[in-house]
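Undergrad: Provided herewith: model.txt, compact mmCIF, C-alpha atoms (C1' of nucleotides).
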# COMPACT_ATOMS: atom_id res chain seq x y z
CA MET W 1 -57.25 -22.89 -11.60
CA ILE W 2 -60.09 -25.13 -12.64
CA LEU W 3 -61.58 -24.88 -16.08
CA THR W 4 -65.29 -25.14 -16.76
CA PRO W 5 -66.28 -27.42 -19.66
CA ALA W 6 -66.81 -24.42 -21.89
CA MET W 7 -63.35 -23.11 -21.11
CA GLN W 8 -61.84 -26.51 -21.73
CA SER W 9 -63.51 -26.71 -25.10
CA PHE W 10 -62.27 -23.25 -25.98
CA VAL W 11 -58.71 -24.09 -25.04
CA LEU W 12 -58.71 -27.43 -26.83
CA HIS W 13 -60.11 -26.12 -30.09
CA TRP W 14 -57.84 -23.12 -30.05
CA GLY W 15 -54.94 -25.47 -29.54
CA GLU W 16 -56.03 -27.57 -32.45
CA MET W 17 -56.29 -24.59 -34.73
CA GLY W 18 -52.89 -23.41 -33.60
CA ALA W 19 -51.40 -26.78 -34.41
CA ARG W 20 -52.61 -26.39 -37.97
CA TRP W 21 -51.42 -22.83 -38.21
CA GLY W 22 -47.77 -23.28 -37.62
CA THR W 23 -47.38 -23.19 -33.86
CA ASN W 24 -47.56 -26.28 -31.76
CA ARG W 25 -50.55 -27.34 -29.75
CA SER W 26 -49.17 -26.38 -26.34
CA VAL W 27 -48.28 -22.88 -27.39
CA ALA W 28 -51.76 -22.30 -28.73
CA GLN W 29 -53.42 -23.80 -25.66
CA ILE W 30 -51.42 -21.61 -23.34
CA HIS W 31 -52.28 -18.62 -25.42
CA ALA W 32 -55.97 -19.50 -25.22
CA LEU W 33 -55.80 -19.94 -21.48
CA LEU W 34 -54.08 -16.61 -20.96
CA HIS W 35 -56.53 -14.97 -23.27
CA LEU W 36 -59.43 -16.17 -21.13
CA SER W 37 -57.83 -15.62 -17.77
CA PRO W 38 -58.84 -12.36 -16.16
CA THR W 39 -55.65 -12.32 -14.11
CA PRO W 40 -51.97 -12.91 -14.89
CA LEU W 41 -50.91 -16.51 -14.27
CA PRO W 42 -47.58 -17.91 -13.10
CA ALA W 43 -46.04 -20.64 -15.23
CA GLU W 44 -46.57 -23.24 -12.56
CA GLU W 45 -50.32 -22.73 -12.55
CA ILE W 46 -50.50 -22.87 -16.32
CA ALA W 47 -48.72 -26.22 -16.27
CA GLU W 48 -51.14 -27.62 -13.70
CA THR W 49 -54.25 -26.35 -15.41
CA LEU W 50 -53.33 -27.71 -18.81
CA ALA W 51 -51.52 -30.80 -17.53
CA LEU W 52 -48.32 -29.93 -19.34
CA ALA W 53 -44.75 -30.35 -18.19
CA ARG W 54 -43.40 -27.28 -16.50
CA SER W 55 -40.49 -27.13 -18.92
CA ASN W 56 -42.78 -27.24 -21.87
CA VAL W 57 -44.72 -24.29 -20.54
CA SER W 58 -41.51 -22.39 -20.12
CA THR W 59 -40.50 -22.91 -23.73
CA ALA W 60 -43.97 -22.08 -25.00
CA LEU W 61 -44.08 -18.87 -22.99
CA ARG W 62 -40.77 -17.79 -24.41
CA GLU W 63 -42.09 -18.34 -27.89
CA LEU W 64 -45.27 -16.42 -27.18
CA GLN W 65 -43.24 -13.57 -25.75
CA SER W 66 -40.97 -13.47 -28.76
CA TRP W 67 -44.06 -13.05 -30.89
CA GLY W 68 -45.34 -10.28 -28.68
CA LEU W 69 -48.48 -12.23 -27.80
CA VAL W 70 -47.74 -12.54 -24.12
CA LYS W 71 -46.30 -10.08 -21.65
CA VAL W 72 -44.68 -10.59 -18.29
CA HIS W 73 -46.31 -9.09 -15.28
CA ARG W 74 -44.52 -8.79 -11.97
CA GLU W 75 -46.35 -9.06 -8.73
CA LEU W 76 -45.11 -7.19 -5.66
CA GLY W 77 -43.60 -9.60 -3.18
CA ASP W 78 -43.66 -12.52 -5.61
CA ARG W 79 -40.53 -13.63 -7.38
CA ARG W 80 -42.36 -15.55 -10.01
CA ASP W 81 -43.19 -14.17 -13.41
CA HIS W 82 -46.87 -13.85 -14.11
CA PHE W 83 -48.05 -13.93 -17.69
CA VAL W 84 -50.79 -12.04 -19.47
CA GLY W 85 -52.10 -12.53 -22.97
CA VAL W 86 -52.44 -9.53 -25.24
CA GLU W 87 -55.93 -8.31 -24.65
CA ASN W 88 -56.65 -7.30 -28.21
CA MET W 89 -57.40 -9.99 -30.77
CA PHE W 90 -56.19 -7.75 -33.57
CA ASP W 91 -52.71 -7.69 -32.16
CA LEU W 92 -52.78 -11.45 -32.31
CA VAL W 93 -53.86 -11.55 -35.93
CA GLN W 94 -51.31 -8.92 -36.84
CA GLU W 95 -48.46 -10.74 -35.14
CA VAL W 96 -49.38 -14.10 -36.62
CA ILE W 97 -49.53 -12.75 -40.16
CA LYS W 98 -46.34 -10.78 -39.72
CA GLY W 99 -44.51 -13.80 -38.41
CA ARG W 100 -45.67 -16.07 -41.18
CA ARG W 101 -44.74 -13.55 -43.81
CA GLU W 102 -41.24 -13.14 -42.46
CA ARG W 103 -40.50 -16.76 -41.80
CA GLU W 104 -42.33 -18.52 -44.58
CA PHE W 105 -43.36 -16.23 -47.35
CA ALA W 106 -40.56 -13.72 -47.82
CA PRO W 107 -37.75 -16.29 -48.09
CA THR W 108 -39.63 -18.19 -50.77
CA MET W 109 -40.32 -15.02 -52.66
CA GLU W 110 -36.63 -14.21 -52.55
CA ALA W 111 -35.77 -17.68 -53.84
CA VAL W 112 -38.26 -17.36 -56.67
CA ARG W 113 -36.71 -14.05 -57.59
CA ARG W 114 -33.25 -15.58 -57.73
CA ALA W 115 -34.52 -18.54 -59.72
CA ALA W 116 -36.17 -16.30 -62.26
CA GLU W 117 -32.94 -14.35 -62.69
CA ALA W 118 -30.54 -17.27 -62.59
CA GLY W 119 -32.61 -19.07 -65.17
CA ALA W 120 -31.20 -16.81 -67.83
CA GLU W 121 -27.81 -18.47 -67.64
CA ASP W 122 -28.55 -22.11 -67.01
CA GLY W 123 -30.63 -22.94 -70.01
CA THR W 124 -34.07 -22.60 -68.48
CA PRO W 125 -36.55 -22.24 -71.35
CA GLU W 126 -37.95 -18.78 -71.78
CA ASP W 127 -41.58 -19.79 -71.28
CA VAL W 128 -40.69 -21.42 -67.98
CA ARG W 129 -38.87 -18.30 -66.89
CA ALA W 130 -41.93 -16.29 -67.87
CA ARG W 131 -44.02 -18.38 -65.51
CA MET W 132 -41.51 -17.82 -62.77
CA ARG W 133 -41.67 -14.09 -63.30
CA GLU W 134 -45.44 -14.16 -63.31
CA THR W 135 -45.42 -16.10 -60.06
CA LEU W 136 -43.05 -13.58 -58.56
CA GLU W 137 -45.25 -10.70 -59.64
CA VAL W 138 -48.30 -12.15 -57.96
CA MET W 139 -46.35 -12.83 -54.80
CA GLU W 140 -45.02 -9.30 -54.80
CA MET W 141 -48.45 -7.87 -55.37
CA PHE W 142 -49.82 -9.61 -52.30
CA ASP W 143 -46.75 -8.72 -50.31
CA THR W 144 -46.98 -5.06 -51.19
CA TRP W 145 -50.66 -5.02 -50.41
CA TYR W 146 -50.00 -6.55 -47.02
CA ALA W 147 -47.16 -4.14 -46.25
CA GLU W 148 -49.29 -1.13 -47.04
CA MET W 149 -52.32 -2.37 -45.16
CA SER W 150 -50.32 -3.19 -42.08
CA ARG W 151 -49.03 0.36 -41.93
CA LEU W 152 -52.49 1.92 -41.83
CA PRO W 153 -53.77 3.01 -38.44
CA ARG W 154 -55.77 0.40 -36.62
CA SER W 155 -58.96 2.43 -36.87
CA THR W 156 -58.71 2.55 -40.65
CA GLN W 157 -58.07 -1.16 -40.83
CA LEU W 158 -61.16 -1.73 -38.72
CA SER W 159 -63.34 0.45 -40.89
CA MET W 160 -62.23 -1.38 -43.98
CA LEU W 161 -62.90 -4.74 -42.40
CA LYS W 162 -66.36 -3.71 -41.32
CA MET W 163 -67.20 -2.25 -44.69
CA GLY W 164 -66.39 -5.52 -46.34
CA ALA W 165 -67.37 -5.67 -49.97
CA ARG W 166 -69.16 -2.35 -49.85
CA ILE W 167 -65.78 -0.73 -50.23
CA ALA W 168 -65.76 -1.95 -53.81
CA ARG W 169 -68.52 0.53 -54.59
CA LEU W 170 -66.14 3.36 -53.84
CA LEU W 171 -63.78 2.25 -56.57
CA PRO W 172 -63.66 4.38 -59.72
CA LYS W 173 -65.37 2.61 -62.59
CA ALA W 174 -62.18 2.12 -64.58
CA ALA W 175 -59.52 1.27 -62.07
CA ASP W 176 -56.02 1.05 -63.50
CA MET R 1 -37.83 -34.27 -68.03
CA ILE R 2 -34.67 -32.69 -66.72
CA LEU R 3 -34.76 -29.66 -64.50
CA THR R 4 -32.33 -26.78 -64.82
CA PRO R 5 -30.80 -25.56 -61.55
CA ALA R 6 -33.16 -22.60 -61.51
CA MET R 7 -36.16 -24.88 -61.90
CA GLN R 8 -34.88 -27.16 -59.18
CA SER R 9 -34.50 -24.26 -56.83
CA PHE R 10 -38.00 -23.07 -57.63
CA VAL R 11 -39.49 -26.50 -56.98
CA LEU R 12 -37.55 -27.05 -53.78
CA HIS R 13 -38.40 -23.71 -52.24
CA TRP R 14 -42.01 -23.98 -53.24
CA GLY R 15 -42.09 -27.38 -51.62
CA GLU R 16 -40.61 -25.98 -48.46
CA MET R 17 -43.17 -23.22 -48.28
CA GLY R 18 -45.94 -25.74 -48.91
CA ALA R 19 -44.69 -27.86 -46.06
CA ARG R 20 -45.11 -24.91 -43.72
CA TRP R 21 -48.49 -24.02 -45.11
CA GLY R 22 -50.38 -27.17 -44.34
CA THR R 23 -49.74 -29.43 -47.30
CA ASN R 24 -46.88 -31.85 -47.41
CA ARG R 25 -43.66 -31.27 -49.27
CA SER R 26 -44.38 -33.64 -52.14
CA VAL R 27 -47.73 -32.12 -52.90
CA ALA R 28 -46.23 -28.67 -53.10
CA GLN R 29 -43.30 -29.81 -55.21
CA ILE R 30 -45.57 -31.48 -57.69
CA HIS R 31 -47.67 -28.41 -57.85
CA ALA R 32 -44.60 -26.28 -58.53
CA LEU R 33 -43.44 -28.61 -61.26
CA LEU R 34 -46.82 -28.59 -62.97
CA HIS R 35 -46.97 -24.87 -62.65
CA LEU R 36 -43.68 -24.50 -64.51
CA SER R 37 -44.28 -27.19 -67.09
CA PRO R 38 -45.52 -25.86 -70.42
CA THR R 39 -47.13 -29.22 -71.21
CA PRO R 40 -49.29 -31.69 -69.28
CA LEU R 41 -47.24 -34.39 -67.56
CA PRO R 42 -48.11 -38.03 -66.87
CA ALA R 43 -47.70 -39.23 -63.30
CA GLU R 44 -44.79 -41.45 -64.19
CA GLU R 45 -42.73 -38.57 -65.48
CA ILE R 46 -43.49 -36.48 -62.41
CA ALA R 47 -42.24 -39.28 -60.21
CA GLU R 48 -39.01 -39.58 -62.15
CA THR R 49 -38.33 -35.88 -62.31
CA LEU R 50 -38.83 -35.32 -58.61
CA ALA R 51 -37.45 -38.68 -57.49
CA LEU R 52 -40.62 -39.58 -55.63
CA ALA R 53 -42.33 -42.92 -55.34
CA ARG R 54 -44.97 -43.41 -57.98
CA SER R 55 -47.58 -44.11 -55.29
CA ASN R 56 -46.76 -40.95 -53.52
CA VAL R 57 -47.29 -38.97 -56.68
CA SER R 58 -50.65 -40.62 -57.18
CA THR R 59 -51.85 -39.62 -53.72
CA ALA R 60 -50.51 -36.10 -54.10
CA LEU R 61 -52.22 -35.65 -57.45
CA ARG R 62 -55.52 -36.76 -55.98
CA GLU R 63 -55.13 -34.19 -53.26
CA LEU R 64 -54.26 -31.44 -55.73
CA GLN R 65 -57.25 -32.35 -57.84
CA SER R 66 -59.59 -32.29 -54.87
CA TRP R 67 -58.39 -28.77 -54.22
CA GLY R 68 -58.98 -27.78 -57.81
CA LEU R 69 -55.32 -26.93 -58.32
CA VAL R 70 -54.66 -29.58 -60.92
CA LYS R 71 -56.72 -30.79 -63.83
CA VAL R 72 -56.58 -33.99 -65.82
CA HIS R 73 -55.83 -33.77 -69.49
CA ARG R 74 -56.35 -36.72 -71.82
CA GLU R 75 -54.11 -37.25 -74.76
CA LEU R 76 -55.51 -38.88 -77.89
CA GLY R 77 -54.11 -42.37 -78.24
CA ASP R 78 -52.59 -42.38 -74.76
CA ARG R 79 -54.26 -44.19 -71.91
CA ARG R 80 -52.38 -42.35 -69.25
CA ASP R 81 -53.73 -39.32 -67.48
CA HIS R 82 -51.73 -36.16 -68.04
CA PHE R 83 -51.82 -33.45 -65.42
CA VAL R 84 -51.85 -29.67 -65.73
CA GLY R 85 -51.53 -27.07 -63.02
CA VAL R 86 -54.00 -24.24 -62.86
CA GLU R 87 -52.43 -21.57 -64.95
CA ASN R 88 -53.57 -18.65 -62.87
CA MET R 89 -51.83 -17.94 -59.59
CA PHE R 90 -54.94 -16.26 -58.25
CA ASP R 91 -56.88 -19.46 -58.51
CA LEU R 92 -54.21 -21.04 -56.38
CA VAL R 93 -54.37 -18.39 -53.70
CA GLN R 94 -58.13 -18.49 -53.71
CA GLU R 95 -58.26 -22.25 -53.35
CA VAL R 96 -55.68 -22.35 -50.61
CA ILE R 97 -57.45 -19.72 -48.55
CA LYS R 98 -60.83 -21.32 -49.11
CA GLY R 99 -59.53 -24.70 -48.06
CA ARG R 100 -57.88 -23.42 -44.93
CA ARG R 101 -60.95 -21.51 -43.93
CA GLU R 102 -63.18 -24.54 -44.31
CA ARG R 103 -60.93 -27.07 -42.71
CA GLU R 104 -59.21 -25.06 -40.02
CA PHE R 105 -60.90 -21.80 -39.30
CA ALA R 106 -64.64 -22.40 -39.56
CA PRO R 107 -64.71 -25.43 -37.23
CA THR R 108 -62.84 -23.51 -34.54
CA MET R 109 -65.16 -20.57 -34.91
CA GLU R 110 -68.12 -22.89 -34.48
CA ALA R 111 -66.53 -24.40 -31.37
CA VAL R 112 -65.92 -20.98 -29.89
CA ARG R 113 -69.54 -20.09 -30.54
CA ARG R 114 -70.73 -23.19 -28.74
CA ALA R 115 -68.34 -22.59 -25.86
CA ALA R 116 -69.56 -19.03 -25.46
CA GLU R 117 -73.14 -20.22 -25.33
CA ALA R 118 -72.62 -23.31 -23.24
CA GLY R 119 -70.67 -21.28 -20.73
CA ALA R 120 -73.91 -19.85 -19.44
CA GLU R 121 -74.89 -23.11 -17.82
CA ASP R 122 -71.67 -24.56 -16.56
CA GLY R 123 -70.55 -21.86 -14.24
CA THR R 124 -68.13 -20.06 -16.53
CA PRO R 125 -67.55 -16.58 -15.05
CA GLU R 126 -69.22 -13.79 -16.93
CA ASP R 127 -66.00 -11.94 -17.71
CA VAL R 128 -64.52 -15.06 -19.26
CA ARG R 129 -67.63 -15.52 -21.36
CA ALA R 130 -67.33 -11.92 -22.44
CA ARG R 131 -63.83 -12.62 -23.74
CA MET R 132 -65.12 -15.63 -25.61
CA ARG R 133 -67.80 -13.53 -27.25
CA GLU R 134 -65.30 -10.86 -28.16
CA THR R 135 -63.06 -13.49 -29.72
CA LEU R 136 -65.99 -14.82 -31.66
CA GLU R 137 -66.89 -11.38 -32.91
CA VAL R 138 -63.42 -10.75 -34.27
CA MET R 139 -63.36 -14.13 -35.94
CA GLU R 140 -66.73 -13.48 -37.50
CA MET R 141 -65.64 -10.09 -38.70
CA PHE R 142 -62.71 -11.55 -40.58
CA ASP R 143 -64.82 -14.40 -41.86
CA THR R 144 -67.51 -12.09 -43.17
CA TRP R 145 -64.92 -9.88 -44.79
CA TYR R 146 -63.37 -12.87 -46.50
CA ALA R 147 -66.74 -14.19 -47.65
CA GLU R 148 -67.68 -10.88 -49.21
CA MET R 149 -64.33 -10.32 -50.83
CA SER R 150 -64.27 -13.75 -52.35
CA ARG R 151 -67.60 -13.09 -54.03
CA LEU R 152 -66.39 -10.00 -55.85
CA PRO R 153 -65.46 -10.40 -59.51
CA ARG R 154 -61.82 -11.16 -60.08
CA SER R 155 -61.23 -7.85 -61.80
CA THR R 156 -62.46 -5.94 -58.77
CA GLN R 157 -60.29 -8.00 -56.47
CA LEU R 158 -57.33 -7.21 -58.65
CA SER R 159 -58.01 -3.49 -58.67
CA MET R 160 -58.23 -3.47 -54.91
CA LEU R 161 -55.01 -5.38 -54.54
CA LYS R 162 -53.19 -3.03 -56.85
CA MET R 163 -54.55 0.04 -55.15
CA GLY R 164 -53.18 -1.15 -51.85
CA ALA R 165 -53.40 1.42 -49.10
CA ARG R 166 -54.55 4.15 -51.47
CA ILE R 167 -58.01 2.68 -51.15
CA ALA R 168 -58.11 4.05 -47.63
CA ARG R 169 -58.28 7.55 -49.08
CA LEU R 170 -61.66 6.73 -50.54
CA LEU R 171 -63.12 6.06 -47.13
CA PRO R 172 -65.50 8.64 -45.71
CA LYS R 173 -63.88 10.60 -42.91
CA ALA R 174 -66.10 9.21 -40.17
CA ALA R 175 -66.56 5.57 -40.94
CA ASP R 176 -69.07 3.80 -38.74
C1' DT E 1 -20.92 -16.62 -0.04
C1' DG E 2 -24.35 -19.95 0.54
C1' DG E 3 -29.17 -21.49 0.18
C1' DG E 4 -33.63 -21.94 -1.94
C1' DG E 5 -36.98 -20.97 -5.28
C1' DA E 6 -37.83 -20.15 -10.22
C1' DT E 7 -36.60 -20.81 -14.86
C1' DT E 8 -34.23 -22.69 -18.78
C1' DT E 9 -31.64 -26.13 -21.31
C1' DC E 10 -30.91 -30.70 -22.88
C1' DA E 11 -31.24 -35.54 -24.03
C1' DG E 12 -34.33 -39.32 -24.49
C1' DT E 13 -39.06 -40.99 -25.57
C1' DG E 14 -43.37 -41.15 -27.90
C1' DA E 15 -46.69 -39.92 -31.35
C1' DA E 16 -47.90 -38.22 -35.77
C1' DT E 17 -46.84 -37.84 -40.52
C1' DA E 18 -44.77 -38.71 -45.00
C1' DC E 19 -42.85 -41.97 -47.74
C1' DA E 20 -41.52 -46.29 -50.47
C1' DG E 21 -42.50 -50.66 -52.30
C1' DA E 22 -45.65 -54.41 -52.91
C1' DA E 23 -50.02 -55.90 -53.97
C1' DA E 24 -54.59 -55.07 -55.78
C1' DA E 25 -57.78 -53.04 -58.83
C1' DG E 26 -59.14 -50.98 -63.09
C1' DA E 27 -59.09 -50.11 -68.13
C1' DC E 28 -58.37 -51.47 -72.66
C1' DA E 29 -57.06 -54.34 -76.77
C1' DA E 30 -56.76 -58.79 -78.79
C1' DT D 1 -61.39 -64.28 -71.40
C1' DT D 2 -56.28 -63.15 -71.10
C1' DG D 3 -52.36 -60.10 -71.06
C1' DT D 4 -50.53 -55.56 -70.51
C1' DC D 5 -50.35 -51.03 -68.98
C1' DT D 6 -51.89 -47.59 -65.58
C1' DT D 7 -53.55 -46.18 -61.24
C1' DT D 8 -54.82 -46.77 -56.49
C1' DT D 9 -54.69 -48.86 -51.95
C1' DC D 10 -52.30 -50.80 -48.23
C1' DT D 11 -48.68 -51.78 -44.88
C1' DG D 12 -44.33 -51.27 -42.83
C1' DT D 13 -40.52 -47.95 -42.19
C1' DA D 14 -38.27 -43.60 -41.57
C1' DT D 15 -38.36 -38.99 -40.26
C1' DT D 16 -39.89 -35.22 -37.97
C1' DC D 17 -41.80 -32.88 -34.15
C1' DA D 18 -43.58 -32.18 -29.52
C1' DC D 19 -43.19 -33.41 -24.96
C1' DT D 20 -41.30 -34.95 -20.55
C1' DG D 21 -38.13 -35.22 -16.61
C1' DA D 22 -33.65 -34.40 -14.98
C1' DA D 23 -29.95 -31.46 -14.66
C1' DA D 24 -28.07 -26.93 -14.97
C1' DT D 25 -28.46 -22.14 -14.53
C1' DC D 26 -30.14 -17.96 -12.81
C1' DC D 27 -31.73 -14.77 -9.36
C1' DC D 28 -32.65 -12.96 -5.05
C1' DC D 29 -32.08 -12.68 -0.17
C1' DA D 30 -29.77 -13.47 4.15
Could you rewrite the structure in this file as structure tokens?
TA:
Amino acid sequence: MILTPAMQSFVLHWGEMGARWGTNRSVAQIHALLHLSPTPLPAEEIAETLALARSNVSTALRELQSWGLVKVHRELGDRRDHFVGVENMFDLVQEVIKGRREREFAPTMEAVRRAAEAGAEDGTPEDVRARMRETLEVMEMFDTWYAEMSRLPRSTQLSMLKMGARIARLLPKAAD
Amino acid sequence: MILTPAMQSFVLHWGEMGARWGTNRSVAQIHALLHLSPTPLPAEEIAETLALARSNVSTALRELQSWGLVKVHRELGDRRDHFVGVENMFDLVQEVIKGRREREFAPTMEAVRRAAEAGAEDGTPEDVRARMRETLEVMEMFDTWYAEMSRLPRSTQLSMLKMGARIARLLPKAAD
DNA sequence: TGGGGATTTCAGTGAATACAGAAAAGACAA
DNA sequence: TTGTCTTTTCTGTATTCACTGAAATCCCCA
């Protein structure tokens, strides 16, 4: 598969963003390529197109699959796996946020909780503990908000996104 | 300044989260320390407390200041700068998101836009270009949503956060 | 059960990043 | 100016992380 300049640019920039968002460059590039490709691609072809080592592609594909961002597609009469990107961008966003919350946010929140509690017995000054508790509360507020939002049906999420700030007008004047 | 075990744990975990969120460990640790500290701290003391090189602290503080997460406080009769963390956790969240959008999201969005346009002339298949445009649209939707939300007064943002999913009940049945 | 293609695992290499320590620059008082 | 204290810049080193290529494993078919 040969990439046009526009496709190359897309893949490269997507890879760069991915590198800054917690995945490595190759994973993000492969994801970009699969997202653009109209047909499922075998690992070999991905490696050629992006000039990556075959083994690297294999690892990256596993990671993408574990995140639910890539699915395997089997072709009749072909032993090789073919890979497809999730078609819907929202699934991507959802998976990325979910993953980051689980791996990076939740553990810290748990640690902050323990620190705030443990502080009572190890001589941590009360005002410091108060700051810890306040920090925890903010973290929990965001976490709860996220949990609730992620459970809403996709269509509702979309409406809210599209409404943007106009949704604020629906709020009662004196919100609790 | 001596840290209790609870404070150490807080600082360490915060540092770890920071490392996964785009800043380096030291920057995040310093931020955590300043967030806990009831009084402004001079750079020297920060370095001692966290066992970091003085130079490293200097660089980290500059970075934190450029992000608006740390302010300088001058003490009468003391030449040294003293540093304070922003008291409010929301300011932190706001700054972090703003920074990431500017540095990591917006440039990619711009690149995708150019790729989608340029594709017209370099032989990029129409269906591929369509996927690029769709990607761009989703990115723009999130970006617009963020831009609008960030302009709302803090109190409104807070109400919305606390309402969580209940806000969905305020939506008209057939949202556009 | 053996052979061949496809995939995964693993160890070594290379590049990027964070860090420490030294040197330089800046501010202030005498 | 000179001396002292503080802060910043710079350079080499260490660590971390991604990547490659080779070897091992897996899977399917004959």
Undergrad: Hey, can you check how far atom CA of Glu102 of chain R sits from atom CA of Arg131 of chain R?
TA: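 Atom-to-atom, atom CA of Glu102 of chain R and atom CA of Arg131 of chain R are spaced 23.8 Å apart.
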Undergrad: Give as an MDAnalysis selection string each residue that has an atom at most 8 Å from (-60.7, -45.5, -63.1) in the file, counting all atoms listed in the file.
TA: (chainID E and resid 26:27) or (chainID D and resid 7)
Undergrad: Only residues of chain D matter here; which ones have an atom within 10 Å of chain W, counting all atoms listed in the file? Give them as a VMD selection string.
TA: chain D and resid 17 to 21 27 to 28
Undergrad: Give me, as JSON lines, the closest atom pair and its distance (Å, one decimal) for every residue of chain W within a cut-off of 10 Å of chain E, counting only C-alpha atoms (C1' of nucleotides), rows sorted by chain and rising number.
TA:
{"residue": "W:Ala43", "atom": "CA", "partner": "E:DT7", "partner_atom": "C1'", "distance": 9.4}
{"residue": "W:Glu44", "atom": "CA", "partner": "E:DA6", "partner_atom": "C1'", "distance": 9.6}
{"residue": "W:Arg54", "atom": "CA", "partner": "E:DT7", "partner_atom": "C1'", "distance": 9.5}
{"residue": "W:Ser55", "atom": "CA", "partner": "E:DT8", "partner_atom": "C1'", "distance": 7.7}
{"residue": "W:Ser58", "atom": "CA", "partner": "E:DT7", "partner_atom": "C1'", "distance": 7.4}
{"residue": "W:Thr59", "atom": "CA", "partner": "E:DT8", "partner_atom": "C1'", "distance": 8.0}
{"residue": "W:Arg62", "atom": "CA", "partner": "E:DT8", "partner_atom": "C1'", "distance": 9.9}
{"residue": "W:Arg79", "atom": "CA", "partner": "E:DA6", "partner_atom": "C1'", "distance": 7.6}
{"residue": "W:Arg80", "atom": "CA", "partner": "E:DA6", "partner_atom": "C1'", "distance": 6.5}
{"residue": "W:Asp81", "atom": "CA", "partner": "E:DA6", "partner_atom": "C1'", "distance": 8.6}
Undergrad: What are the nearest atom pairs, with distances in Å to one decimal, for all residues of chain W that come at most 8 Å from chain R, using all atoms listed in the file, set out by chain and rising residue number as a tab-separated table?
TA:
residue	atom	partner	partner_atom	distance
W:Thr4	CA	R:Thr124	CA	5.8
W:Pro5	CA	R:Asp122	CA	6.8
W:Ala6	CA	R:Ala115	CA	4.6
W:Met7	CA	R:Ala115	CA	6.9
W:Ser9	CA	R:Ala115	CA	6.4
W:Phe10	CA	R:Val112	CA	5.8
W:His13	CA	R:Thr108	CA	5.8
W:Trp14	CA	R:Thr108	CA	6.7
W:Met17	CA	R:Glu104	CA	6.1
W:Arg20	CA	R:Gly22	CA	6.8
W:Trp21	CA	R:Gly22	CA	7.6
W:Gly22	CA	R:Arg20	CA	6.9
W:His35	CA	R:Arg131	CA	7.7
W:Leu36	CA	R:Val128	CA	5.5
W:Ser37	CA	R:Val128	CA	6.9
W:Pro38	CA	R:Val128	CA	7.0
W:Met89	CA	R:Thr135	CA	6.7
W:Phe90	CA	R:Val138	CA	7.9
W:Glu104	CA	R:Met17	CA	6.0
W:Phe105	CA	R:Met17	CA	7.1
W:Thr108	CA	R:His13	CA	5.8
W:Ala111	CA	R:His13	CA	6.8
W:Val112	CA	R:Phe10	CA	5.8
W:Arg114	CA	R:Ala6	CA	8.0
W:Ala115	CA	R:Ala6	CA	4.6
W:Ala116	CA	R:Ala6	CA	7.0
W:Ala118	CA	R:Ala6	CA	6.0
W:Gly119	CA	R:Ala6	CA	5.1
W:Asp122	CA	R:Thr4	CA	6.4
W:Gly123	CA	R:Thr4	CA	6.7
W:Thr124	CA	R:Thr4	CA	5.8
W:Asp127	CA	R:Pro38	CA	7.3
W:Val128	CA	R:Leu36	CA	5.5
W:Arg131	CA	R:Leu36	CA	6.2
W:Met132	CA	R:Leu36	CA	7.2
W:Thr135	CA	R:Met89	CA	6.7
W:Val138	CA	R:Met89	CA	7.0
W:Met141	CA	R:Lys162	CA	6.9
W:Phe142	CA	R:Leu161	CA	7.1
W:Thr144	CA	R:Gly164	CA	7.4
W:Trp145	CA	R:Gly164	CA	4.8
W:Tyr146	CA	R:Gly164	CA	7.9
W:Glu148	CA	R:Ala165	CA	5.3
W:Met149	CA	R:Ala165	CA	5.6
W:Leu152	CA	R:Ala165	CA	7.3
W:Thr156	CA	R:Ala168	CA	7.2
W:Ser159	CA	R:Ala175	CA	6.0
W:Met160	CA	R:Ala168	CA	7.7
W:Leu161	CA	R:Trp145	CA	6.0
W:Lys162	CA	R:Met141	CA	6.9
W:Met163	CA	R:Trp145	CA	8.0
W:Gly164	CA	R:Trp145	CA	4.9
W:Ala165	CA	R:Glu148	CA	5.3
W:Ile167	CA	R:Leu171	CA	7.9
W:Ala168	CA	R:Thr156	CA	7.2
W:Leu170	CA	R:Leu170	CA	6.5
W:Leu171	CA	R:Leu170	CA	7.8
W:Ala175	CA	R:Ser159	CA	6.0
W:Asp176	CA	R:Ser159	CA	6.9
Undergrad: For atom CA of Val57 of chain R and atom CA of Arg101 of chain R, quote the distance in Å rounded to one decimal.
TA: 25.6 Å
Undergrad: Figure out the distance between atom CA of Ala47 of chain R and atom CA of Ile2 of chain R, please, to one decimal in Å.
TA: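 Pair atom CA of Ile2 of chain R / atom CA of Ala47 of chain R returns 12.0 Å.
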Undergrad: Could you complete segment 130-134 of chain R so that it carries N, CA and C atoms, and give it back as an mmCIF file, keeping the file's coordinate frame?
TA:
data_model
loop_
_atom_site.group_PDB
_atom_site.id
_atom_site.type_symbol
_atom_site.label_atom_id
_atom_site.label_comp_id
_atom_site.auth_asym_id
_atom_site.auth_seq_id
_atom_site.Cartn_x
_atom_site.Cartn_y
_atom_site.Cartn_z
ATOM 1 N N ALA R 130 -67.411 -13.142 -21.650
ATOM 2 C CA ALA R 130 -67.330 -11.920 -22.440
ATOM 3 C C ALA R 130 -66.124 -11.979 -23.377
ATOM 4 N N ARG R 131 -65.019 -12.510 -22.880
ATOM 5 C CA ARG R 131 -63.830 -12.620 -23.740
ATOM 6 C C ARG R 131 -64.073 -13.601 -24.868
ATOM 7 N N MET R 132 -64.791 -14.667 -24.550
ATOM 8 C CA MET R 132 -65.120 -15.630 -25.610
ATOM 9 C C MET R 132 -65.956 -14.950 -26.684
ATOM 10 N N ARG R 133 -66.934 -14.194 -26.264
ATOM 11 C CA ARG R 133 -67.800 -13.530 -27.250
ATOM 12 C C ARG R 133 -67.010 -12.539 -28.080
ATOM 13 N N GLU R 134 -66.118 -11.841 -27.417
ATOM 14 C CA GLU R 134 -65.300 -10.860 -28.160
ATOM 15 C C GLU R 134 -64.445 -11.582 -29.196
#
